[in-house]
Amino acid sequence: MADKATVALIISETSPHLGAYFPALASSEDIKEIVLSDEGHKHTALAKEKLGDKLTRVYDNPSQLFEKEKPDMALVTLEAIKAPAAIDMALEHGCHVFAEKPACTSIDQFEALVQKADSKHLNLMLALANRSNPEVKAARRMIRKGVFGKIYAIELNYIADQTRLTSKSYHQGWFAQKDRAGGGHLIWLGIHWLDLGMYLTDTRISAVNGFVTNIGGQPIDVEDSVALSLKFHKGFLGTLSSGYYTNRGKQSLIKIWGSKGWLEMDYSTGRYLQWHLNSDKPGTIHKFEESVQPRGYTPFVHSAIRSVLDKEPPPLDSHDSLQVLRTIYAAYQASASGETHQIPIE
């Protein structure tokens, strides 16, 4: 395996999070060069500015790129309806993939991509970057060590602003159209907390029931409000509340109860991680005192690149990515049918 990676960056006019991906790629010490596919070349000038000498060649589309290049990893950030074809092409050419979520508009599409990745011994990673946050890693270590005993229950809240849904530009964009996005708040933002619920507790969601709706009444055909009941395969239960409700900003919370105590991650108040053990004196609250930096996309992208170079384990694998999408599409089915939907566990 080479010491440094060649990364293909696959983008288009409507690509999300370029403001995060450009600095993440530019700052990686494990990248030899970046080759770019920018359909329409809307972002090419900015890419050259932000990526500097690392950006070596630019192509009109993924097909043209993969005809000439053999990258080690493709970073695909496209609207959901466009992503599967680009991911399939990268996998076909023997390339690991890091994909902006949701990367599909149906679970069948993603199932097929994971099957191809498995058949070629490649990894398909969704951009679930909260996994790299220091407080998340610390909480996961404590839970895996049994600090909180047997897990009893989990509560997940991820709330964002309703304000964004009121603009005409948003109404016309792909986020607001189910056939282009696959869904609304749940598949765009709630996905992060569903993944963390499984990652923190080292388990899978095995069944889901609940509801999705458009409570704000904006002219969009995706949900802005979600309430789910969750069953995890280790037997404990949980809930997810997610939606676009506030005027501005986000309100997000994770709380986990176990037989020996509880932990809470309340991002609304800046209490990134605190916990209490049953053996403590009443009122004792332990707080995570370490730095909560670095966090977000930059360390997560760096970790993904290092993983394809076999320098560290991947931040998640194809089946982690698949499981959270299975959960989301099962939730959509549950809301439509009014019935609990079982989720395959691998």
# chains A, B, ... in the order shown; residues from 1 in each chain; ligands from 1

$ select_by_dssp --residues "region 127-221 of chain A" --states "strand (DSSP E)" --output "PyMOL selection string"
chain A and resi 151-161+205-213

$ residues_around --residues "region 51-56 of chain A" --least-positions-apart "3" --cutoff "6 Å" --atoms "only C-alpha atoms" --output "PyMOL selection string"
chain A and resi 26+33-35+47-48

$ write_last_selection --atoms "C-alpha atoms" --output "PDB file, in the first residue's frame"
ATOM      1  CA  ALA A  26      -6.315  20.422   1.904  1.00  0.00           C
ATOM      2  CA  GLU A  33      -2.829  14.372  -5.029  1.00  0.00           C
ATOM      3  CA  ILE A  34      -6.483  15.164  -5.675  1.00  0.00           C
ATOM      4  CA  VAL A  35      -8.218  14.705  -9.017  1.00  0.00           C
ATOM      5  CA  ALA A  47     -11.380  24.033  -5.630  1.00  0.00           C
ATOM      6  CA  LYS A  48      -8.121  25.250  -7.156  1.00  0.00           C
TER       7      LYS A  48
END

$ closest_atom_pairs --of "region 183-269 of chain A" --to "region 278-300 of chain A" --cutoff "10 Å" --atoms "only C-alpha atoms" --output "CSV"
residue,atom,partner,partner_atom,distance
A:Gly258,CA,A:Asn278,CA,9.6
A:Ser259,CA,A:Asn278,CA,8.2
A:Lys260,CA,A:Asn278,CA,5.4
A:Gly261,CA,A:Asn278,CA,5.1
A:Trp262,CA,A:Asn278,CA,8.4
A:Leu263,CA,A:His286,CA,9.2
A:Glu264,CA,A:Lys287,CA,9.8
A:Met265,CA,A:Phe288,CA,9.9

$ residues_around --residues "His319 (chain A)" --least-positions-apart "4" --cutoff "8 Å" --atoms "only C-alpha atoms" --output "ChimeraX atom specification"
/A:114,323,346

$ write_last_selection --atoms "N, CA and C atoms" --output "PDB file, in the first residue's frame"
ATOM      1  N   VAL A 114     -23.480  -1.765  -1.579  1.00  0.00           N
ATOM      2  CA  VAL A 114     -22.745  -2.482  -0.536  1.00  0.00           C
ATOM      3  C   VAL A 114     -22.369  -3.884  -1.008  1.00  0.00           C
ATOM      4  N   GLN A 323     -26.724  -0.120   7.668  1.00  0.00           N
ATOM      5  CA  GLN A 323     -27.671  -0.335   8.757  1.00  0.00           C
ATOM      6  C   GLN A 323     -28.451   0.930   9.091  1.00  0.00           C
ATOM      7  N   GLU A 346     -26.958  -7.776  10.393  1.00  0.00           N
ATOM      8  CA  GLU A 346     -25.846  -8.593   9.855  1.00  0.00           C
ATOM      9  C   GLU A 346     -24.721  -8.662  10.873  1.00  0.00           C
TER      10      GLU A 346
END

$ atom_distance --atom1 "CA of Ser321 (chain A)" --atom2 "CA of Tyr245 (chain A)"
26.9 Å
